[in-house]
There are 12 protein chains.
Amino acid sequence: MRLLLINGPNLNLLGSREPSIYGSETLDAIENRVKKKAEREGVSLESFQSNSEGALVDRIHMALGKVDGLLINAGAYTHTSVALRDALLSTAIPYVELHLSNTFAREDFRQKSLLADCAIGVVSGFGGMSYELAFDGMMEYLQALK
Amino acid sequence: MRLLLINGPNLNLLGSREPSIYGSETLDAIENRVKKKAEREGVSLESFQSNSEGALVDRIHMALGKVDGLLINAGAYTHTSVALRDALLSTAIPYVELHLSNTFAREDFRQKSLLADCAIGVVSGFGGMSYELAFDGMMEYLQALK
Amino acid sequence: MRLLLINGPNLNLLGSREPSIYGSETLDAIENRVKKKAEREGVSLESFQSNSEGALVDRIHMALGKVDGLLINAGAYTHTSVALRDALLSTAIPYVELHLSNTFAREDFRQKSLLADCAIGVVSGFGGMSYELAFDGMMEYLQALK
Amino acid sequence: MRLLLINGPNLNLLGSREPSIYGSETLDAIENRVKKKAEREGVSLESFQSNSEGALVDRIHMALGKVDGLLINAGAYTHTSVALRDALLSTAIPYVELHLSNTFAREDFRQKSLLADCAIGVVSGFGGMSYELAFDGMMEYLQALK
Amino acid sequence: MRLLLINGPNLNLLGSREPSIYGSETLDAIENRVKKKAEREGVSLESFQSNSEGALVDRIHMALGKVDGLLINAGAYTHTSVALRDALLSTAIPYVELHLSNTFAREDFRQKSLLADCAIGVVSGFGGMSYELAFDGMMEYLQALK
Amino acid sequence: MRLLLINGPNLNLLGSREPSIYGSETLDAIENRVKKKAEREGVSLESFQSNSEGALVDRIHMALGKVDGLLINAGAYTHTSVALRDALLSTAIPYVELHLSNTFAREDFRQKSLLADCAIGVVSGFGGMSYELAFDGMMEYLQALK
Amino acid sequence: MRLLLINGPNLNLLGSREPSIYGSETLDAIENRVKKKAEREGVSLESFQSNSEGALVDRIHMALGKVDGLLINAGAYTHTSVALRDALLSTAIPYVELHLSNTFAREDFRQKSLLADCAIGVVSGFGGMSYELAFDGMMEYLQALK
Amino acid sequence: MRLLLINGPNLNLLGSREPSIYGSETLDAIENRVKKKAEREGVSLESFQSNSEGALVDRIHMALGKVDGLLINAGAYTHTSVALRDALLSTAIPYVELHLSNTFAREDFRQKSLLADCAIGVVSGFGGMSYELAFDGMMEYLQALK
Amino acid sequence: MRLLLINGPNLNLLGSREPSIYGSETLDAIENRVKKKAEREGVSLESFQSNSEGALVDRIHMALGKVDGLLINAGAYTHTSVALRDALLSTAIPYVELHLSNTFAREDFRQKSLLADCAIGVVSGFGGMSYELAFDGMMEYLQALK
Amino acid sequence: MRLLLINGPNLNLLGSREPSIYGSETLDAIENRVKKKAEREGVSLESFQSNSEGALVDRIHMALGKVDGLLINAGAYTHTSVALRDALLSTAIPYVELHLSNTFAREDFRQKSLLADCAIGVVSGFGGMSYELAFDGMMEYLQALK
Amino acid sequence: MRLLLINGPNLNLLGSREPSIYGSETLDAIENRVKKKAEREGVSLESFQSNSEGALVDRIHMALGKVDGLLINAGAYTHTSVALRDALLSTAIPYVELHLSNTFAREDFRQKSLLADCAIGVVSGFGGMSYELAFDGMMEYLQALK
Amino acid sequence: MRLLLINGPNLNLLGSREPSIYGSETLDAIENRVKKKAEREGVSLESFQSNSEGALVDRIHMALGKVDGLLINAGAYTHTSVALRDALLSTAIPYVELHLSNTFAREDFRQKSLLADCAIGVVSGFGGMSYELAFDGMMEYLQALK
């Protein structure tokens, strides 16, 4: 089983970025948490981060036929990018949407996700733990398909 | 550590209720999954289900000072009950909001949660697995507090 | 053939309640009208009234597998209760929505029904006669299914 | 007692028109059902159908002083015609609004009726039976006036 | 100078139609008032009434090149007919919009006119006198053009 | 018969103010037009202009018991002043709302009048002639009361 | 004179519930304040609290014919319960709406009351004192009726 | 293959009607362009224009079973006529919606089409050429069906 | 302790102004009621009324450092004046908002107060008694501060 | 070159008014800053402050033909006064809108300016420095006109 | 004559991407169709696809002075990119907006185009044929300019 | 002191881009104006322009710890980019938002800035001079911090 973890804009700054909202763990540390978990379960997990909407779309396209599931924290693009939504639907790879912070407790424009209605499910608000929960949810989903 | 799992209206019908949306597992089966998980981690977990908004409010009040965290699938009341929101805030017990189905893929009136902005986090769309993920998220949260 | 007639909040006051809107017939009198009609057609018809949303949900659950159709005047809960809607959909029993008064001639918040789009049909505005019309509509529907 | 049954645009196509929504009975068949019912009750019932808003307004004007009640399925004009509403109010003949399909289960623009708030009542969703129910509701109303 | 007075749907019923709103004068009587006024000022004034949107559009087209100004009480079509608006703009004949009743004191859907923003001006609420005021306003406008 | 003509903010600049919208006639010239008309009909007509909402309210209060009708061009306050509306209703003097320009052809915030629904009627778009039409409409109204 | 004081959901927690918003006085203490006041004025005052919408409706029904006025702090149900509104209107007992906190300073969904437009008046924001003010307002109202 | 070209209200005035928006070609000239094109491709193409919504509905009904596709420029009725939409769906003949002007560059009320979502496709803004493009699009669609 | 009572536009007409809404007591009479109450409690209470928004702002400024609390019935300005809100916040004197009529039972534009969210509390609907209740609420508030 | 600096309601309180939002500099101090700057550039600059909308309109009228540009901090009237907008447009004097605080970071009702779309430009958020920036922007604009 | 065909995000996946919506033809195949058409008419046509908003803006800038017209299928960016709109307006090259699918039959967020109101025209819903129709429409437009 | 000047999409075309809106000065010329000003004040000022949202985010990240303030004209991204907003907040570098044109005088979608509420302040409408004013405002802000 092969998974791809995608992180959108500004997540590269994790740790230094508004720690009261996003915590003090770096993206590397979080990715390692999930990768170790994946390893333990015999799953290959690659990760990719970009601040560019186009590069994220490109990376999702590249996953076509090579990946069984996507874990995606699209950050700000969650709320504005129809292109990402279309990329996810175009490849038809099942995905879980995840967020570090509880987006429901934040600005109005973060209340609408352009990705959520086509996702398997959504995990929001558990900091770095959101990634592990999204991984577990994805695993359950993929195993149920078999 | 003591947790309380609260299930709102119509969840008692799980298994027979619209299985294409909610799956075929019964509420008992799901609660047992989470209780076993809790047991393994040395956590006491009680559960409560009611179709009555008032009874749910009463049960939350009773948890005051007796419970460290709440896992709540408020079902339909998620979208209509200011009273439940007030009950949760009144007791100030941290809670995780969870849903079996991906509410973002459903009717317009299910897009708004009156509970989400004050929750630790939200888990939505993973069927019975949503309960386990919510439990894991809550554990992480409580352990970080220590 | 077995039918269940459900009446929501404040309908127990019929006769004394705002007679210029709801007429001066009591709920008992109206239920008897419909029950006689049912008897004549060899149909068993039970009735239930409650002011509690939860009790109405409970009663609908109890009808699962025991009733062929529901006639429901949900009163105020028509406009606010997602829980009732979910209960009706969970049991998948066909139902007719009915109202004594013409709800379209009343306050804005009565213009939206959370039950109507999943009903067989809606009858509104004919006073106690609305119950008989709903009964007739339900009978036609059930006979067409055979 | 004299009633007039008015059918609006596209109802002449009944039977061939989207049968999954409107059923396979023709307008003639439905009108005959109601006319027989009227005959049995000693009531004269004429019917009129037109696809033209203006012709419908004209026909309603002609009913002034000659008709005790109107049964009207205004079809698409239900949702767009202030002129029909004004015609009905101008003549001050009591009317029942009726629909074959359950309009509440359909497009957003069918959720608003420009006629309903001034009608005696509304019957919606029972196919051809809607006409009979509307007839019965009207009879009850007219008899109560005596 | 040649003027055309156009009256829309239901105005043929004036006198009998909801007299508390529209007064008890007939359309004939009102038209005669304005025609006499026109005669006194040496202006030819024809009038036309129809309940059909299409017939009103046709009549406006016929006025092209034959009429210097239009006085129009479009009745219900004021609020719903883009076709009438387009007819008026297509012929480019200057027009005054007028209403018997004060439309601003009535239903929400009468608050929006599809004709008013392209009119010379609007007169509303003076009963039959609205026609005379509209005539006077039109005369002033046409004389200022010379 | 005694009338009061009230002009709101910026109307003192008439003639120099945006002549493409408001024309080149001064307020004095317009008031004289109406006063002459009033004189011819044996009616006393006073006029008042102020840029201050409070002064306009004061002036309307002073008219209580001394004036049979008000002609009011409230200018910008038409769209923002609940205080003026309350002043007009408090004195219960009948009034006609008038505008030089066709407000329906202008900015969105000019589409709503806080005065129109309680006026006898509204005249809009005929330049200085609007004042004369408003006067004529008022006269007709007052004579019909006798 | 007999009054009934009704308290809605979560008000039983007063004193412990979010004291920065609701103060530290218990419901008992507040009810005693009002009861003493009532006693001094020779008025009988009963009180009732419930977290259940249905129980509140039931209690209001029971007051029919036994109570001259209601003081109601419906808490969260103020903003969501059409059933409570209908119960109050059904019994036609005059009532005063009251709130401990200033609801206008709180969440958007607390800005709309389903009860306020049919109340005698509303008192909001004075903590426990709101109950005494509501009592005084009710007394004035009832005495003026005599 | 048989096609029907339908033109709605005011299109008969083409050439004289607001040439800055609609161009100076007459409807006859445009219809001839398309008819010649149809002839070249061995397709029969009839055309129909009316200013009456009802007549357009009637004409569409007549096409049932006699026409393989409709090209429709419904003009103003595009934005207001549910009856036309229902007529098109009732006959289930595939259709292309077309406009001379670019409706997206015009008034707000022209931004919504009641026909577009059920059309094969939409062509807007190319003047008379829109008719030829719509014809070509229809031909491609019908040939793909074979 | 020094209080200032401020009355906004049109309240000078009390007694003669729409008595069915505002009662027949004059402002003088009401102010005397409150002043007597203040006297009894050893509090100095001045009052001020103006129809001018600017004069009300000026008067509030003058209270800076001289007054411990404000009782304000801003009348129509409640719903339109950001300037009054800013004046109240600029001086930071605590204030109670009050209304004679129950504003919640009136026009839509009276449903929004620009002052309420920053007030201590709001009293609405008790006629002249609203002033006394506001006074009592203010006293309670000021005494709790000590 | 002659400029006029206009300050709206509550700005006279600067220094004492909510210093966390508006800073602790007085209006005098700020005006002196700008006047010195003007002097250095050989420009005459007068200033005017009022809390009255009418007085501000009057002052702007007086500037007609005597002033080359206006710097205006209309305070609360920015968001509510169509009269000020009309006054500015009536005189056709170019103006710069300025604010001490960053209005975009404040209440919803401060997000809309009725003056901004007709201004040369807008400066917001720089405290007293906003006045100097507005002055510089105006100078650049006027010099470019030469 | 030189044209540029621009394809936005996810169009590179054509053929494999959701074929039920977008068809099974690849982008290459479609581009070849149009290029052959262009060749036959002696027009040079280049094409460009990118998933990056910035790269699309860059490419449009490069076309400045080198291209007579643009055919653009901006895909998801149609609905979200003000930057693309600005790029098109900045270069002032005339363009036709085109879509493979009928966007009017899809999600709400696809109902708004940020490009359409400034385009020559729009073609939507004809699959690969949309490109040819857009080409033909552009040719007609450019030839009319000569 | 080190400042960074960021220019968003299409600003590279300045001078040739819609000169009636944006003026005829090139971006180079404008940047030089500001750099000279910076030099005179002993401040280092770098500049960066990109049409890519991702590249702008990257550049802002690079400024972390190296820059004391940002001047940003985000162009079209002002209205659509949550990613830019997050980048600015992530680095916590104070910034001034600026625009060449008066965005308040333009399209509806330009009325909302996603950056303004977190900026120090906003300067809009002064052409190239906006950059200098933004620089001056930033300097004042930074000097006040010392």
# chains A, B, ... in the order shown; residues from 1 in each chain; ligands from 1

call {"tool": "interface_residues", "arguments": {"of": "chain E", "to": "chain H", "cutoff": "8 Å", "atoms": "only C-alpha atoms", "output": "number ranges by chain"}}
result
E: 52-55, 57-58, 61, 80-83, 86-87, 89-91

call {"tool": "atom_distance", "arguments": {"atom1": "atom CA of Ile120 of chain K", "atom2": "atom CA of Asn102 of chain H"}}
result
7.1 Å

call {"tool": "residues_around", "arguments": {"residues": "segment 136-144 of chain L", "least_positions_apart": "5", "cutoff": "7 Å", "atoms": "only C-alpha atoms", "output": "MDAnalysis selection string"}}
result
(chainID J and resid 126 129) or (chainID L and resid 96)

call {"tool": "write_last_selection", "arguments": {"atoms": "N, CA and C atoms", "output": "PDB file, in the first residue's frame"}}
result
ATOM      1  N   PHE J 126      -2.885  54.912  10.078  1.00  0.00           N
ATOM      2  CA  PHE J 126      -1.566  55.383  10.487  1.00  0.00           C
ATOM      3  C   PHE J 126      -1.627  56.414  11.618  1.00  0.00           C
ATOM      4  N   MET J 129      -0.461  60.323  11.626  1.00  0.00           N
ATOM      5  CA  MET J 129       0.296  60.335  10.363  1.00  0.00           C
ATOM      6  C   MET J 129      -0.637  60.198   9.158  1.00  0.00           C
TER       7      MET J 129
ATOM      8  N   VAL L  96       2.318  47.209   5.252  1.00  0.00           N
ATOM      9  CA  VAL L  96       1.338  48.188   4.782  1.00  0.00           C
ATOM     10  C   VAL L  96       0.776  47.677   3.456  1.00  0.00           C
TER      11      VAL L  96
END

call {"tool": "atom_distance", "arguments": {"atom1": "atom CA of Asp28 of chain K", "atom2": "atom CA of Leu88 of chain A"}}
result
21.6 Å

call {"tool": "select_by_dssp", "arguments": {"residues": "segment 2-142 of chain I", "states": "strand (DSSP E or B)", "output": "number ranges by chain"}}
result
I: 2-7, 44-49, 69-73, 95-99, 121-124

call {"tool": "write_last_selection", "arguments": {"atoms": "N, CA and C atoms", "output": "JSON list (two decimals), in the first residue's frame"}}
result
[["chain", "number", "residue", "atom", "x", "y", "z"],
["I", 2, "ARG", "N", -24.39, 60.53, 40.10],
["I", 2, "ARG", "CA", -25.03, 61.41, 39.12],
["I", 2, "ARG", "C", -25.38, 60.61, 37.85],
["I", 3, "LEU", "N", -26.61, 60.71, 37.45],
["I", 3, "LEU", "CA", -27.03, 60.03, 36.22],
["I", 3, "LEU", "C", -27.54, 61.06, 35.22],
["I", 4, "LEU", "N", -27.44, 60.68, 33.94],
["I", 4, "LEU", "CA", -27.99, 61.53, 32.88],
["I", 4, "LEU", "C", -28.96, 60.69, 32.07],
["I", 5, "LEU", "N", -30.15, 61.25, 31.84],
["I", 5, "LEU", "CA", -31.16, 60.56, 31.03],
["I", 5, "LEU", "C", -31.25, 61.26, 29.68],
["I", 6, "ILE", "N", -31.00, 60.50, 28.63],
["I", 6, "ILE", "CA", -30.98, 61.09, 27.28],
["I", 6, "ILE", "C", -32.12, 60.53, 26.46],
["I", 7, "ASN", "N", -32.87, 61.45, 25.82],
["I", 7, "ASN", "CA", -33.97, 61.04, 24.94],
["I", 7, "ASN", "C", -33.73, 61.57, 23.54],
["I", 44, "SER", "N", -28.60, 62.22, 41.86],
["I", 44, "SER", "CA", -28.96, 63.35, 41.00],
["I", 44, "SER", "C", -29.19, 62.84, 39.59],
["I", 45, "LEU", "N", -30.29, 63.26, 38.97],
["I", 45, "LEU", "CA", -30.59, 62.81, 37.60],
["I", 45, "LEU", "C", -31.00, 63.99, 36.75],
["I", 46, "GLU", "N", -30.19, 64.31, 35.76],
["I", 46, "GLU", "CA", -30.54, 65.33, 34.79],
["I", 46, "GLU", "C", -31.10, 64.67, 33.55],
["I", 47, "SER", "N", -31.87, 65.45, 32.75],
["I", 47, "SER", "CA", -32.36, 64.86, 31.51],
["I", 47, "SER", "C", -32.14, 65.81, 30.34],
["I", 48, "PHE", "N", -32.07, 65.24, 29.14],
["I", 48, "PHE", "CA", -31.81, 66.00, 27.92],
["I", 48, "PHE", "C", -32.52, 65.33, 26.76],
["I", 49, "GLN", "N", -33.19, 66.16, 25.95],
["I", 49, "GLN", "CA", -33.82, 65.61, 24.75],
["I", 49, "GLN", "C", -33.42, 66.44, 23.55],
["I", 69, "GLY", "N", -23.44, 57.38, 35.10],
["I", 69, "GLY", "CA", -24.15, 56.44, 34.24],
["I", 69, "GLY", "C", -25.14, 57.16, 33.37],
["I", 70, "LEU", "N", -25.44, 56.57, 32.23],
["I", 70, "LEU", "CA", -26.38, 57.15, 31.27],
["I", 70, "LEU", "C", -27.57, 56.22, 31.08],
["I", 71, "LEU", "N", -28.78, 56.78, 31.08],
["I", 71, "LEU", "CA", -29.95, 56.05, 30.63],
["I", 71, "LEU", "C", -30.32, 56.65, 29.29],
["I", 72, "ILE", "N", -30.39, 55.84, 28.23],
["I", 72, "ILE", "CA", -30.59, 56.41, 26.91],
["I", 72, "ILE", "C", -31.69, 55.71, 26.13],
["I", 73, "ASN", "N", -32.67, 56.51, 25.72],
["I", 73, "ASN", "CA", -33.67, 56.08, 24.75],
["I", 73, "ASN", "C", -33.36, 56.85, 23.49],
["I", 95, "TYR", "N", -23.85, 52.67, 30.23],
["I", 95, "TYR", "CA", -25.21, 53.12, 29.89],
["I", 95, "TYR", "C", -26.18, 51.95, 29.77],
["I", 96, "VAL", "N", -27.45, 52.26, 30.00],
["I", 96, "VAL", "CA", -28.54, 51.30, 29.77],
["I", 96, "VAL", "C", -29.35, 51.81, 28.59],
["I", 97, "GLU", "N", -29.64, 50.91, 27.63],
["I", 97, "GLU", "CA", -30.50, 51.26, 26.50],
["I", 97, "GLU", "C", -31.94, 50.93, 26.85],
["I", 98, "LEU", "N", -32.84, 51.85, 26.53],
["I", 98, "LEU", "CA", -34.24, 51.59, 26.88],
["I", 98, "LEU", "C", -35.17, 52.04, 25.76],
["I", 99, "HIS", "N", -36.32, 51.40, 25.68],
["I", 99, "HIS", "CA", -37.35, 51.76, 24.70],
["I", 99, "HIS", "C", -38.73, 51.69, 25.34],
["I", 121, "GLY", "N", -27.17, 46.75, 29.73],
["I", 121, "GLY", "CA", -28.32, 45.93, 29.43],
["I", 121, "GLY", "C", -29.36, 46.74, 28.69],
["I", 122, "VAL", "N", -30.45, 46.05, 28.33],
["I", 122, "VAL", "CA", -31.49, 46.67, 27.52],
["I", 122, "VAL", "C", -32.85, 46.39, 28.16],
["I", 123, "VAL", "N", -33.71, 47.43, 28.19],
["I", 123, "VAL", "CA", -35.08, 47.28, 28.67],
["I", 123, "VAL", "C", -35.99, 47.81, 27.58],
["I", 124, "SER", "N", -36.99, 47.01, 27.17],
["I", 124, "SER", "CA", -37.78, 47.37, 26.01],
["I", 124, "SER", "C", -39.23, 46.94, 26.17]]

call {"tool": "select_by_dssp", "arguments": {"residues": "chain F", "states": "alpha helix (DSSP H)", "output": "number ranges by chain"}}
result
F: 19-22, 27-40, 53-62, 77-80, 82-91, 129-145

call {"tool": "atom_distance", "arguments": {"atom1": "atom CA of Ile93 of chain B", "atom2": "atom CA of Met62 of chain B"}}
result
11.4 Å

call {"tool": "residues_around", "arguments": {"residues": "Val34 of chain L", "least_positions_apart": "4", "cutoff": "10 Å", "atoms": "only C-alpha atoms", "output": "list in words"}}
result
Leu5, Ala29, Ile30, Ala38, Glu39, Arg40, Leu45, Ser47, Gly128, Met129, Ser130, Tyr131, Glu132, Leu133, Ala134, Phe135 and Asp136 of chain L

call {"tool": "write_last_selection", "arguments": {"atoms": "C-alpha atoms", "output": "mmCIF file, in the first residue's frame"}}
result
data_model
loop_
_atom_site.group_PDB
_atom_site.id
_atom_site.type_symbol
_atom_site.label_atom_id
_atom_site.label_comp_id
_atom_site.auth_asym_id
_atom_site.auth_seq_id
_atom_site.Cartn_x
_atom_site.Cartn_y
_atom_site.Cartn_z
ATOM 1 C CA LEU L 5 8.553 45.969 -1.359
ATOM 2 C CA ALA L 29 10.154 53.993 -12.326
ATOM 3 C CA ILE L 30 7.917 53.663 -9.305
ATOM 4 C CA ALA L 38 14.559 55.068 1.251
ATOM 5 C CA GLU L 39 18.158 55.907 0.471
ATOM 6 C CA ARG L 40 17.663 59.487 1.621
ATOM 7 C CA LEU L 45 14.732 48.677 0.429
ATOM 8 C CA SER L 47 11.802 44.858 -4.218
ATOM 9 C CA GLY L 128 2.777 55.728 -7.977
ATOM 10 C CA MET L 129 2.528 58.139 -5.029
ATOM 11 C CA SER L 130 0.740 55.354 -3.066
ATOM 12 C CA TYR L 131 4.130 53.648 -2.754
ATOM 13 C CA GLU L 132 5.749 56.719 -1.218
ATOM 14 C CA LEU L 133 2.868 57.256 1.178
ATOM 15 C CA ALA L 134 3.046 53.609 2.220
ATOM 16 C CA PHE L 135 6.769 54.000 2.791
ATOM 17 C CA ASP L 136 6.218 57.101 4.943
#
